[in-house]
file protein_22.csv (CSV, C-alpha atoms)
chain,number,residue,atom,x,y,z
A,1371,MET,CA,-25.3,5.7,-6.1
A,1372,ALA,CA,-21.7,7.0,-6.6
A,1373,GLN,CA,-20.8,8.4,-9.9
A,1374,ILE,CA,-18.6,6.0,-11.8
A,1375,VAL,CA,-15.4,7.3,-13.4
A,1376,ARG,CA,-14.3,4.7,-16.0
A,1377,LEU,CA,-10.5,4.5,-16.2
A,1378,PHE,CA,-8.9,2.7,-19.1
A,1379,VAL,CA,-5.2,1.6,-19.0
A,1380,ALA,CA,-3.5,1.1,-22.3
A,1381,SER,CA,-0.1,-0.5,-21.9
A,1382,PRO,CA,2.2,-3.3,-23.2
A,1383,GLY,CA,3.5,-6.1,-21.0
A,1384,ASP,CA,6.7,-4.5,-19.8
A,1385,VAL,CA,4.9,-2.0,-17.5
A,1386,ALA,CA,2.7,-4.5,-15.7
A,1387,THR,CA,3.8,-3.2,-12.3
A,1388,GLU,CA,2.7,0.4,-13.3
A,1389,LYS,CA,-0.7,-1.0,-14.5
A,1390,LYS,CA,-1.1,-2.7,-11.1
A,1391,HIS,CA,-0.3,0.5,-9.4
A,1392,VAL,CA,-3.1,2.3,-11.2
A,1393,GLY,CA,-5.6,-0.2,-9.7
A,1394,GLU,CA,-4.1,0.1,-6.2
A,1395,VAL,CA,-4.1,3.9,-6.2
A,1396,ALA,CA,-7.7,4.0,-7.6
A,1397,ALA,CA,-8.8,1.6,-4.9
A,1398,GLY,CA,-7.1,3.8,-2.2
A,1399,LEU,CA,-8.8,6.9,-3.5
A,1400,ASN,CA,-12.2,5.1,-3.6
A,1401,ARG,CA,-11.9,4.7,0.2
A,1402,ASN,CA,-11.5,8.4,1.0
A,1403,MET,CA,-11.0,11.2,-1.4
A,1404,ALA,CA,-13.3,9.9,-4.1
A,1405,ALA,CA,-15.9,8.8,-1.5
A,1406,GLU,CA,-16.0,12.3,-0.2
A,1407,ARG,CA,-17.1,13.4,-3.7
A,1408,ASP,CA,-19.6,10.5,-4.1
A,1409,VAL,CA,-17.3,9.2,-6.9
A,1410,ARG,CA,-15.8,5.7,-7.6
A,1411,PHE,CA,-13.0,4.9,-10.0
A,1412,ASP,CA,-13.7,1.8,-12.1
A,1413,VAL,CA,-10.4,0.6,-13.6
A,1414,VAL,CA,-11.4,-1.0,-16.9
A,1415,GLU,CA,-9.5,-4.2,-17.5
A,1416,TRP,CA,-9.8,-6.6,-20.5
A,1417,LYS,CA,-9.5,-9.6,-18.2
A,1418,THR,CA,-12.6,-8.6,-16.3
A,1419,HIS,CA,-14.6,-6.3,-18.7
A,1420,ALA,CA,-14.1,-8.0,-22.1
A,1421,ARG,CA,-15.9,-11.2,-23.2
A,1422,PRO,CA,-13.4,-13.6,-24.7
A,1423,ARG,CA,-14.3,-14.7,-28.2
A,1424,VAL,CA,-12.9,-15.1,-31.8
A,1425,HIS,CA,-13.3,-11.8,-33.7
A,1426,GLU,CA,-12.5,-10.7,-37.2
A,1427,LYS,CA,-10.3,-8.0,-35.8
A,1428,GLY,CA,-8.3,-10.4,-33.8
A,1429,ALA,CA,-7.8,-10.1,-30.0
A,1430,GLN,CA,-8.4,-6.3,-30.1
A,1431,GLY,CA,-11.9,-6.6,-31.5
A,1432,PRO,CA,-13.7,-7.8,-28.3
A,1433,ILE,CA,-11.8,-5.2,-26.3
A,1434,ASP,CA,-13.0,-2.4,-28.7
A,1435,GLU,CA,-16.6,-3.6,-28.6
A,1436,ASP,CA,-16.9,-4.4,-24.8
A,1437,MET,CA,-14.9,-1.5,-23.4
A,1438,PRO,CA,-14.7,1.3,-26.0
A,1439,VAL,CA,-12.3,4.0,-25.0
A,1440,GLU,CA,-14.6,6.7,-26.2
A,1441,GLN,CA,-17.0,5.8,-23.4
A,1442,CYS,CA,-14.4,6.0,-20.7
A,1443,ASP,CA,-13.6,9.1,-18.7
A,1444,ILE,CA,-9.9,8.7,-18.4
A,1445,VAL,CA,-7.4,6.8,-20.6
A,1446,VAL,CA,-3.9,6.3,-19.2
A,1447,GLY,CA,-1.3,5.2,-21.7
A,1448,ILE,CA,1.9,3.8,-20.2
A,1449,LEU,CA,5.1,3.2,-22.2
A,1450,TRP,CA,8.7,2.4,-21.6
A,1451,LYS,CA,10.8,0.1,-23.7
A,1452,ARG,CA,8.1,-1.8,-25.7
A,1453,PHE,CA,5.4,-0.5,-28.1
A,1454,GLY,CA,3.5,-3.8,-28.2
A,1455,THR,CA,3.1,-6.6,-30.6
A,1456,PRO,CA,1.7,-5.6,-34.0
A,1457,ILE,CA,-1.8,-7.0,-34.8
A,1458,PRO,CA,-2.2,-7.9,-38.5
A,1459,GLU,CA,-6.0,-7.5,-38.3
A,1460,MET,CA,-5.5,-3.9,-37.1
A,1461,GLY,CA,-3.2,-2.9,-39.9
A,1462,GLY,CA,-0.1,-3.6,-37.9
A,1463,GLU,CA,-0.8,-1.4,-35.0
A,1464,SER,CA,-0.2,-2.8,-31.5
A,1465,GLY,CA,-3.1,-3.0,-29.1
A,1466,THR,CA,-1.6,-0.2,-27.0
A,1467,GLU,CA,-1.0,2.1,-30.0
A,1468,HIS,CA,-4.5,1.5,-31.3
A,1469,GLU,CA,-6.2,2.2,-27.9
A,1470,ILE,CA,-4.2,5.4,-27.4
A,1471,ARG,CA,-4.9,6.7,-30.9
A,1472,ALA,CA,-8.6,5.9,-30.6
A,1473,ALA,CA,-8.7,7.8,-27.3
A,1474,VAL,CA,-7.0,10.8,-28.7
A,1475,ALA,CA,-9.3,10.8,-31.8
A,1476,ALA,CA,-12.4,10.6,-29.5
A,1477,LEU,CA,-11.0,13.4,-27.4
A,1478,ARG,CA,-10.6,15.7,-30.4
A,1479,GLN,CA,-14.1,14.8,-31.7
A,1480,SER,CA,-16.1,15.0,-28.5
A,1481,GLY,CA,-13.9,16.3,-25.7
A,1482,LYS,CA,-13.8,12.9,-24.0
A,1483,PRO,CA,-12.0,10.9,-22.6
A,1484,GLU,CA,-9.2,12.8,-20.8
A,1485,VAL,CA,-6.0,11.2,-22.1
A,1486,VAL,CA,-2.7,11.1,-20.1
A,1487,ILE,CA,0.4,9.5,-21.7
A,1488,CYS,CA,3.0,8.3,-19.3
A,1489,PHE,CA,6.6,7.6,-20.3
A,1490,ASN,CA,9.1,5.8,-18.1
A,1491,ASP,CA,12.5,7.6,-18.2
A,1492,ALA,CA,14.3,4.9,-16.3
A,1493,PRO,CA,17.6,3.9,-18.1
A,1494,TYR,CA,17.3,0.9,-20.5
A,1495,ARG,CA,19.7,-0.8,-22.8
A,1496,PRO,CA,18.2,-3.0,-25.6
A,1497,LYS,CA,19.6,-6.5,-25.7
A,1498,ASP,CA,19.0,-7.1,-29.4
A,1499,VAL,CA,17.8,-5.6,-32.6
A,1500,ALA,CA,14.1,-6.5,-31.9
A,1501,GLU,CA,14.2,-4.7,-28.5
A,1502,SER,CA,16.0,-1.7,-30.1
A,1503,LYS,CA,13.2,-1.4,-32.7
A,1504,GLN,CA,10.5,-1.5,-30.0
A,1505,ALA,CA,12.3,1.2,-28.0
A,1506,THR,CA,12.7,3.3,-31.1
A,1507,ARG,CA,8.9,3.1,-31.8
A,1508,VAL,CA,8.2,4.4,-28.3
A,1509,LEU,CA,10.5,7.3,-28.9
A,1510,GLU,CA,8.9,8.1,-32.3
A,1511,PHE,CA,5.5,7.9,-30.7
A,1512,ARG,CA,6.6,10.2,-27.9
A,1513,GLU,CA,7.6,12.8,-30.5
A,1514,GLU,CA,4.4,12.4,-32.4
A,1515,ILE,CA,1.9,12.7,-29.6
A,1516,ARG,CA,1.7,16.3,-28.5
A,1517,GLY,CA,0.6,17.4,-25.1
A,1518,LEU,CA,1.7,17.5,-21.5
A,1519,GLU,CA,3.1,14.1,-20.8
A,1520,LEU,CA,3.6,12.4,-17.5
A,1521,ALA,CA,7.2,11.5,-17.3
A,1522,TYR,CA,8.3,9.2,-14.4
A,1523,ASP,CA,11.4,7.4,-13.3
A,1524,GLY,CA,10.6,3.8,-12.4
A,1525,ALA,CA,7.5,2.1,-11.1
A,1526,ASN,CA,7.6,3.5,-7.6
A,1527,ASP,CA,7.8,7.1,-9.0
A,1528,PHE,CA,4.9,6.3,-11.3
A,1529,ARG,CA,2.7,5.3,-8.3
A,1530,ASP,CA,3.3,8.7,-6.7
A,1531,LYS,CA,2.7,10.6,-9.9
A,1532,ILE,CA,-0.4,8.8,-11.0
A,1533,ARG,CA,-1.9,9.3,-7.5
A,1534,ASP,CA,-1.1,13.0,-7.7
A,1535,TYR,CA,-2.7,13.1,-11.2
A,1536,LEU,CA,-5.9,11.3,-10.0
A,1537,GLU,CA,-6.1,13.5,-6.9
A,1538,LYS,CA,-5.9,16.6,-9.1
A,1539,TYR,CA,-8.6,15.1,-11.4
A,1540,LEU,CA,-11.0,14.7,-8.5
A,1541,VAL,CA,-10.4,18.2,-7.2
A,1542,ALA,CA,-10.9,19.7,-10.7
A,1543,LYS,CA,-13.9,17.6,-11.7
A,1544,HIS,CA,-15.8,16.7,-8.6
A,1545,LYS,CA,-16.8,18.8,-5.5
A,1546,VAL,CA,-16.9,17.3,-2.0
A,1547,VAL,CA,-20.4,16.3,-1.1
A,1548,PRO,CA,-21.4,17.9,2.2
A,1549,GLY,CA,-21.9,15.2,4.9
A,1550,LYS,CA,-20.7,12.4,2.6
A,1551,ALA,CA,-17.5,11.9,4.7
A,1552,THR,CA,-16.8,13.3,8.1
A,1553,PRO,CA,-13.5,15.1,8.6
A,1554,ALA,CA,-12.5,12.5,11.1
A,1555,ILE,CA,-12.2,9.8,8.5
A,1556,ALA,CA,-11.1,12.0,5.6
A,1557,GLY,CA,-7.5,11.4,4.4
A,1558,ASP,CA,-5.5,9.3,2.0
A,1559,PRO,CA,-3.2,6.8,3.8
A,1560,THR,CA,-1.2,6.0,0.7
A,1561,ARG,CA,1.8,8.1,1.7
A,1562,TYR,CA,1.6,6.7,5.2
A,1563,ILE,CA,1.6,3.1,3.8
A,1564,LYS,CA,4.5,3.8,1.5
A,1565,GLY,CA,6.5,5.1,4.4
A,1566,LEU,CA,5.7,2.1,6.6
A,1567,ARG,CA,6.6,-0.3,3.8
A,1568,GLU,CA,10.0,1.4,3.4
A,1569,GLU,CA,10.6,1.2,7.2
A,1570,THR,CA,9.8,-2.5,7.3
A,1571,SER,CA,11.1,-3.7,4.0
A,1572,HIS,CA,14.6,-4.6,5.3
A,1573,PHE,CA,16.6,-5.5,8.3
A,1574,ASP,CA,20.1,-4.7,9.3
A,1575,VAL,CA,22.5,-7.4,10.5
A,1576,GLN,CA,24.2,-6.1,13.7
A,1577,GLY,CA,28.0,-6.5,13.7
A,1578,LEU,CA,28.3,-6.7,9.9
A,1579,LYS,CA,29.2,-3.4,8.3
A,1580,PHE,CA,30.5,-2.1,5.0
A,1581,GLY,CA,33.8,-0.2,4.7
A,1582,ASP,CA,31.9,3.1,5.3
A,1583,ASN,CA,30.5,1.8,8.5
A,1584,ARG,CA,27.0,1.1,7.1
A,1585,ALA,CA,25.3,-2.0,8.4
A,1586,TYR,CA,24.5,-4.9,5.9
A,1587,ARG,CA,20.9,-4.5,4.8
A,1588,PHE,CA,18.7,-7.4,3.6
A,1589,PRO,CA,15.2,-7.4,2.0
A,1590,ILE,CA,13.0,-8.7,4.8
A,1591,ASP,CA,10.7,-10.8,2.5
A,1592,GLU,CA,13.7,-12.6,1.0
A,1593,PHE,CA,15.9,-13.3,4.1
A,1594,TYR,CA,13.5,-13.4,7.0
A,1595,ILE,CA,13.6,-16.7,8.9
A,1596,PRO,CA,10.1,-17.5,10.1
A,1597,LEU,CA,9.6,-17.9,13.9
A,1598,THR,CA,7.5,-20.7,15.2
A,1599,THR,CA,5.5,-21.4,18.3
A,1600,SER,CA,3.1,-24.0,19.8
A,1601,SER,CA,-0.7,-23.6,19.6
A,1602,SER,CA,-3.8,-24.9,21.3
A,1603,ALA,CA,-5.5,-27.7,19.4
A,1604,GLY,CA,-8.9,-26.1,19.8
A,1605,ALA,CA,-11.2,-24.4,22.2
A,1606,ASP,CA,-11.8,-27.5,24.4
A,1607,ALA,CA,-8.2,-28.5,24.2
A,1608,ALA,CA,-7.1,-25.0,25.1
A,1609,LYS,CA,-9.1,-25.2,28.4
A,1610,ARG,CA,-7.4,-28.4,29.2
A,1611,GLY,CA,-4.0,-26.9,28.4
A,1612,GLU,CA,-3.3,-29.3,25.6
A,1613,MET,CA,-1.1,-28.2,22.7
A,1614,ARG,CA,-1.0,-29.2,19.1
A,1615,ALA,CA,2.0,-31.4,18.4
A,1616,GLY,CA,4.9,-29.7,16.7
A,1617,PRO,CA,5.6,-26.0,16.0
A,1618,ILE,CA,3.5,-23.7,13.8
A,1619,PRO,CA,4.4,-20.4,12.2
A,1620,LEU,CA,3.8,-17.3,14.3
A,1621,GLN,CA,1.9,-15.9,11.3
A,1622,GLU,CA,-0.6,-18.7,11.7
A,1623,ALA,CA,-1.0,-17.8,15.4
A,1624,LEU,CA,-1.5,-14.2,14.5
A,1625,LEU,CA,-4.4,-15.1,12.1
A,1626,ALA,CA,-6.0,-17.4,14.7
A,1627,HIS,CA,-6.0,-15.0,17.6
A,1628,PRO,CA,-7.3,-11.4,17.6
A,1629,LYS,CA,-4.9,-10.6,20.5
A,1630,LEU,CA,-1.5,-12.1,20.5
A,1631,LEU,CA,1.5,-11.6,22.8
A,1632,VAL,CA,5.0,-12.6,21.5
A,1633,VAL,CA,7.7,-13.1,24.1
A,1634,GLY,CA,11.3,-14.1,23.7
A,1635,ASP,CA,14.9,-13.5,24.6
A,1636,PRO,CA,16.7,-10.4,23.4
A,1637,GLY,CA,17.9,-11.0,19.8
A,1638,SER,CA,15.5,-13.9,19.2
A,1639,GLY,CA,13.7,-12.1,16.4
A,1640,LYS,CA,10.6,-10.5,17.9
A,1641,THR,CA,11.1,-7.1,16.3
A,1642,THR,CA,12.1,-8.5,12.9
A,1643,PHE,CA,8.9,-10.7,13.1
A,1644,LEU,CA,6.8,-7.6,13.7
A,1645,LYS,CA,8.4,-5.8,10.9
A,1646,ARG,CA,7.8,-8.7,8.6
A,1647,VAL,CA,4.1,-8.8,9.6
A,1648,ALA,CA,3.8,-5.0,9.1
A,1649,PHE,CA,5.4,-5.3,5.7
A,1650,GLN,CA,2.9,-8.0,4.6
A,1651,LEU,CA,0.0,-6.0,6.1
A,1652,CYS,CA,1.0,-3.0,3.9
A,1653,LYS,CA,0.6,-5.2,0.9
A,1654,ASP,CA,-2.7,-6.6,2.2
A,1655,TRP,CA,-4.0,-3.0,2.7
A,1656,THR,CA,-3.9,-2.4,-1.1
A,1657,GLU,CA,-6.4,-5.2,-1.4
A,1658,GLY,CA,-8.8,-3.8,1.2
A,1659,ALA,CA,-7.4,-5.2,4.4
A,1660,PRO,CA,-7.3,-3.1,7.6
A,1661,LEU,CA,-4.7,-0.3,8.1
A,1662,PRO,CA,-1.5,-1.6,9.7
A,1663,VAL,CA,-0.2,0.5,12.6
A,1664,ARG,CA,3.3,-0.2,14.0
A,1665,ILE,CA,4.3,1.5,17.3
A,1666,GLU,CA,7.6,1.3,19.1
A,1667,ALA,CA,6.6,1.2,22.8
A,1668,ALA,CA,9.6,3.2,24.0
A,1669,VAL,CA,9.0,6.0,21.5
A,1670,LEU,CA,5.3,6.2,22.5
A,1671,SER,CA,6.2,6.2,26.2
A,1672,THR,CA,8.7,9.0,25.7
A,1673,TYR,CA,6.2,11.0,23.7
A,1674,ILE,CA,3.6,10.7,26.4
A,1675,ALA,CA,6.0,11.7,29.1
A,1676,GLN,CA,7.0,14.9,27.1
A,1677,GLN,CA,3.5,15.9,26.0
A,1678,HIS,CA,1.0,14.8,28.6
A,1679,THR,CA,1.1,18.1,30.5
A,1680,LYS,CA,1.0,20.1,27.2
A,1681,THR,CA,-1.4,18.3,24.8
A,1682,GLY,CA,-3.5,15.1,24.5
A,1683,PRO,CA,-5.4,13.3,27.3
A,1684,ALA,CA,-4.9,14.4,30.9
A,1685,ASP,CA,-4.5,10.7,31.9
A,1686,ALA,CA,-1.1,9.5,30.7
A,1687,SER,CA,-2.5,6.0,30.4
A,1688,SER,CA,-5.5,6.9,28.3
A,1689,PRO,CA,-5.8,4.7,25.1
A,1690,ASP,CA,-6.5,8.0,23.2
A,1691,TRP,CA,-2.8,8.6,23.3
A,1692,ILE,CA,-2.4,6.1,20.5
A,1693,PRO,CA,-4.2,8.2,17.8
A,1694,VAL,CA,-2.6,11.4,19.2
A,1695,PHE,CA,0.9,9.8,18.9
A,1696,LEU,CA,0.2,8.4,15.4
A,1697,GLY,CA,-1.0,11.8,14.2
A,1698,ALA,CA,2.1,13.5,15.6
A,1699,GLN,CA,4.3,10.9,13.9
A,1700,CYS,CA,2.6,11.5,10.6
A,1701,GLU,CA,3.1,15.2,10.9
A,1702,GLU,CA,6.8,14.8,11.7
A,1703,LYS,CA,7.3,12.5,8.8
A,1704,ASN,CA,5.0,14.4,6.3
A,1705,ARG,CA,2.6,11.5,5.8
A,1706,GLY,CA,-0.5,13.5,5.8
A,1707,LEU,CA,-2.8,11.8,8.3
A,1708,PRO,CA,-4.1,13.6,11.4
A,1709,ALA,CA,-4.9,12.1,14.8
A,1710,ASP,CA,-8.7,12.2,14.0
A,1711,TYR,CA,-8.2,9.9,11.1
A,1712,PHE,CA,-6.5,7.2,13.3
A,1713,ARG,CA,-9.1,7.8,16.1
A,1714,ALA,CA,-11.9,7.1,13.7
A,1715,LYS,CA,-10.2,4.1,12.1
A,1716,LEU,CA,-9.4,2.6,15.5
A,1717,LYS,CA,-12.9,3.1,16.8
A,1718,ALA,CA,-14.3,1.4,13.7
A,1719,GLY,CA,-12.0,-1.6,14.1
A,1720,GLY,CA,-10.2,-0.7,10.9
A,1721,CYS,CA,-6.6,-1.3,12.1
A,1722,HIS,CA,-4.1,-3.9,12.9
A,1723,VAL,CA,-2.1,-2.5,15.8
A,1724,LEU,CA,1.4,-3.8,16.3
A,1725,ILE,CA,3.3,-2.6,19.4
A,1726,ASP,CA,7.0,-3.4,19.6
A,1727,GLY,CA,9.2,-3.7,22.7
A,1728,LEU,CA,7.0,-3.4,25.8
A,1729,ASP,CA,10.1,-4.3,27.9
A,1730,GLU,CA,12.1,-1.4,26.3
A,1731,THR,CA,10.2,1.4,28.0
A,1732,PRO,CA,12.6,3.7,30.0
A,1733,ASP,CA,11.4,2.9,33.6
A,1734,GLU,CA,9.0,0.9,35.6
A,1735,LEU,CA,6.4,3.8,36.0
A,1736,SER,CA,6.3,4.3,32.3
A,1737,ARG,CA,6.0,0.6,31.7
A,1738,GLU,CA,3.0,0.4,34.1
A,1739,ARG,CA,1.3,3.3,32.4
A,1740,LEU,CA,1.8,1.8,29.0
A,1741,VAL,CA,0.5,-1.6,30.1
A,1742,LYS,CA,-2.6,0.2,31.4
A,1743,LEU,CA,-3.0,2.1,28.1
A,1744,ILE,CA,-2.7,-1.1,26.0
A,1745,ARG,CA,-5.1,-2.9,28.3
A,1746,GLY,CA,-7.7,-0.2,27.8
A,1747,ALA,CA,-7.2,-0.2,24.0
A,1748,ALA,CA,-7.1,-4.0,23.6
A,1749,GLY,CA,-10.9,-4.4,23.7
A,1750,ARG,CA,-11.3,-2.0,20.8
A,1751,VAL,CA,-8.6,-2.9,18.2
A,1752,ARG,CA,-6.6,-5.8,16.8
A,1753,TRP,CA,-3.1,-5.6,18.4
A,1754,LEU,CA,0.2,-7.5,18.6
A,1755,PRO,CA,2.5,-6.5,21.4
A,1756,VAL,CA,6.0,-7.8,21.6
A,1757,ARG,CA,8.2,-8.1,24.7
A,1758,GLY,CA,11.0,-10.3,26.1
A,1759,ASP,CA,11.2,-13.8,27.5
A,1760,VAL,CA,10.3,-17.1,25.6
A,1761,ALA,CA,8.9,-17.1,22.1
A,1762,THR,CA,5.3,-18.2,22.3
A,1763,GLY,CA,1.9,-17.1,21.0
A,1764,ARG,CA,-1.0,-17.0,23.4
A,1765,GLU,CA,-4.7,-16.5,23.1
A,1766,ASP,CA,-4.7,-14.8,26.5
A,1767,PRO,CA,-1.8,-12.3,26.9
A,1768,ASP,CA,0.2,-11.7,30.0
A,1769,PRO,CA,-2.3,-11.3,32.9
A,1770,ARG,CA,-0.6,-8.0,33.8
A,1771,LEU,CA,-2.1,-6.6,30.5
call {"tool": "encode", "arguments": {"input": "protein_22.csv", "output": "structure tokens"}}
result
Amino acid sequence: MAQIVRLFVASPGDVATEKKHVGEVAAGLNRNMAAERDVRFDVVEWKTHARPRVHEKGAQGPIDEDMPVEQCDIVVGILWKRFGTPIPEMGGESGTEHEIRAAVAALRQSGKPEVVICFNDAPYRPKDVAESKQATRVLEFREEIRGLELAYDGANDFRDKIRDYLEKYLVAKHKVVPGKATPAIAGDPTRYIKGLREETSHFDVQGLKFGDNRAYRFPIDEFYIPLTTSSSAGADAAKRGEMRAGPIPLQEALLAHPKLLVVGDPGSGKTTFLKRVAFQLCKDWTEGAPLPVRIEAAVLSTYIAQQHTKTGPADASSPDWIPVFLGAQCEEKNRGLPADYFRAKLKAGGCHVLIDGLDETPDELSRERLVKLIRGAAGRVRWLPVRGDVATGREDPDPRL
């Protein structure tokens, strides 16, 4: 049985995103770095750990009884512009204030829990007197609580810093258990996922530029126009070549078929569709979905041409070039995942593989090698190649694959 590290988050409502990040980071570490140490983070949440009921101490009473902070291993306090709503039954303290003070008192008495107080330094301008008073209480509390605080600038910066804190906690408190995790699957993909999300979070409109020659950039989840296709009406109907009446979203076709080929004219939206899928898969990964892998076919082909006589498989069409290439890309972009990590994940079926632009490889020989490579890998992983012609989703890809 893994050792449970109970992690309590004390925070008011204005930092809900940061609170969500704690859970996501903890879940990511549970899959790798914590697992190597036979440890599992359990993020204590009143919605799941406290039994709702009327209490003489108000809403805070059930929380104190069902998830006492003194029995937790880590208490993370997060504050920005709000200090929380005062609870009359608790002498006017807010729930967040009460929880942090209780944690600090327990720490001084018994040495547990470890308490880290996080303050958001992002600029904020109160809109009225009430908000100003809340912000002032945060500043007063910041001066009162002594210790090494965790200052951050916005929710994204918080995610990076709380991950760094929890990684250091694991290193300091728990040793790696020999044989618990093999080197091939060790690694934290959080940095990799963050980079992939940033790459796929937008699209640039060609031909529209700002005065400094920058292209117009739009958030992909707000302005993406879904592509549609036709789909078989079922297994028997598919054999007869029958199609379901009317178009369906390509996302639906992706869910229905473990292998999917998307074809279409240049500029019809294939690459944008793939970026939109990758962006959503990054979100899904935080909830336990397989790791998304996005590969530009032309870049992979060029890498193989440059490296196949120096490193990697002797056969330029070997499927093992995929993890070798992904490891090299991570090293170049400082994303911290080696080729062995991807090799193990692919072998275990733990990836969604998205390959973009099969028709953009530099020459016919390179294209033939890449087609052979993909064909060899297709039986092992979930993949989504994209090339040119007519937009359609197929259960059986191009026979040349």
call {"tool": "closest_residue", "arguments": {"input": "protein_22.csv", "among": "A:Lys1451, A:Arg1664, A:Lys1653, A:His1544", "to": "Asp1384 of chain A", "atoms": "all atoms listed in the file"}}
result
A:Lys1451
call {"tool": "closest_residue", "arguments": {"input": "protein_22.csv", "among": "A:Lys1680, A:Leu1707, A:Asp1726, A:Glu1513", "to": "Val1633 of chain A", "atoms": "only C-alpha atoms"}}
result
A:Asp1726
call {"tool": "closest_residue", "arguments": {"input": "protein_22.csv", "among": "A:Val1663, A:Val1439, A:Ile1515, A:Ala1472", "to": "Pro1559 of chain A", "atoms": "all atoms listed in the file"}}
result
A:Val1663
call {"tool": "closest_residue", "arguments": {"input": "protein_22.csv", "among": "A:Gly1557, A:Gly1639, A:Gly1431, A:Pro1732", "to": "Thr1672 of chain A", "atoms": "all atoms listed in the file"}}
result
A:Pro1732
call {"tool": "residues_near_point", "arguments": {"input": "protein_22.csv", "point": "(-6.0, -7.5, -36.7)", "cutoff": "10 Å", "atoms": "all atoms listed in the file", "output": "number ranges by chain"}}
result
A: 1425-1431, 1456-1465
call {"tool": "closest_residue", "arguments": {"input": "protein_22.csv", "among": "A:Gly1398, A:Asp1530, A:Val1547, A:Gln1441", "to": "Ala1476 of chain A", "atoms": "all atoms listed in the file"}}
result
A:Gln1441
call {"tool": "closest_residue", "arguments": {"input": "protein_22.csv", "among": "A:Glu1592, A:Ala1386, A:Leu1399, A:Phe1378", "to": "Glu1415 of chain A", "atoms": "all atoms listed in the file"}}
result
A:Phe1378
